[in-house]
Amino acid sequence: NLNKKAVIYARTATMVQAKCGYSIDCQIKECKKFAVDNGYTVTEVFVDADESGSNLERPAYKEMTKYCETHDVDVVIVWKLDRLTRNLRDYYTKIVPFLEKHGIKLWSATESNEETVEAELMRNIGIVFAEYERKLIGKRISMGLTITK
């Protein structure tokens, strides 16, 4: 396929996160470079700023899925998988089935995209740790133990 098409999805959960190395601009820049390096044309960029990765009820995520249903998309590119979700159940019950149904691959600009049993294990571990981190942060906030810089 000479005319491979990609969409990019970027997300930050907080404005502090956006300023400390996970900025939307940096995510998009790395994803665009990854797309070009791998022969893809980016047709659309979807951004959820100040949105949690705990569920898929995010405006740009919903917009992206609608776009993927009605346009020719070969791959969704994210900076890291945890930008798309921090919930293992959503990953396996919603994201993976949706992408498979539409013949779309999910690639990370910064993590392994190999299609091996070992790479799948590492993706699973990464998402489980992202979910753990999300829950831990929530627990700290609810206990009033937020860490400030």
# chains A, B, ... in the order shown; residues from 1 in each chain; ligands from 1
$ select_by_dssp --residues "chain A" --states "alpha helix (DSSP H)" --output "NGL selection string"
:A and (15-19 or 24-37 or 59-70 or 81-84 or 88-90 or 96-101 or 117-143)
$ closest_atom_pairs --of "segment 65-90 of chain A" --to "segment 128-147 of chain A" --cutoff "12 Å" --atoms "only C-alpha atoms" --output "CSV"
residue,atom,partner,partner_atom,distance
A:Lys80,CA,A:Ala130,CA,10.4
A:Leu81,CA,A:Ala130,CA,9.0
A:Asp82,CA,A:Ala130,CA,6.1
A:Arg83,CA,A:Ala130,CA,9.4
A:Leu84,CA,A:Ala130,CA,10.6
A:Thr85,CA,A:Ala130,CA,8.2
A:Arg86,CA,A:Glu131,CA,4.6
A:Asn87,CA,A:Glu131,CA,5.4
A:Leu88,CA,A:Val128,CA,6.2
A:Arg89,CA,A:Val128,CA,9.7
A:Asp90,CA,A:Glu131,CA,10.8
$ residues_around --residues "Asp74 of chain A" --least-positions-apart "4" --cutoff "10 Å" --atoms "only C-alpha atoms" --output "ChimeraX atom specification"
/A:1,3-7,40-41,68,99,102-106
$ atom_distance --atom1 "atom CA of Asp48 of chain A" --atom2 "atom CA of Glu114 of chain A"
26.6 Å
$ atom_distance --atom1 "atom CA of Gly126 of chain A" --atom2 "atom CA of Tyr22 of chain A"
16.7 Å
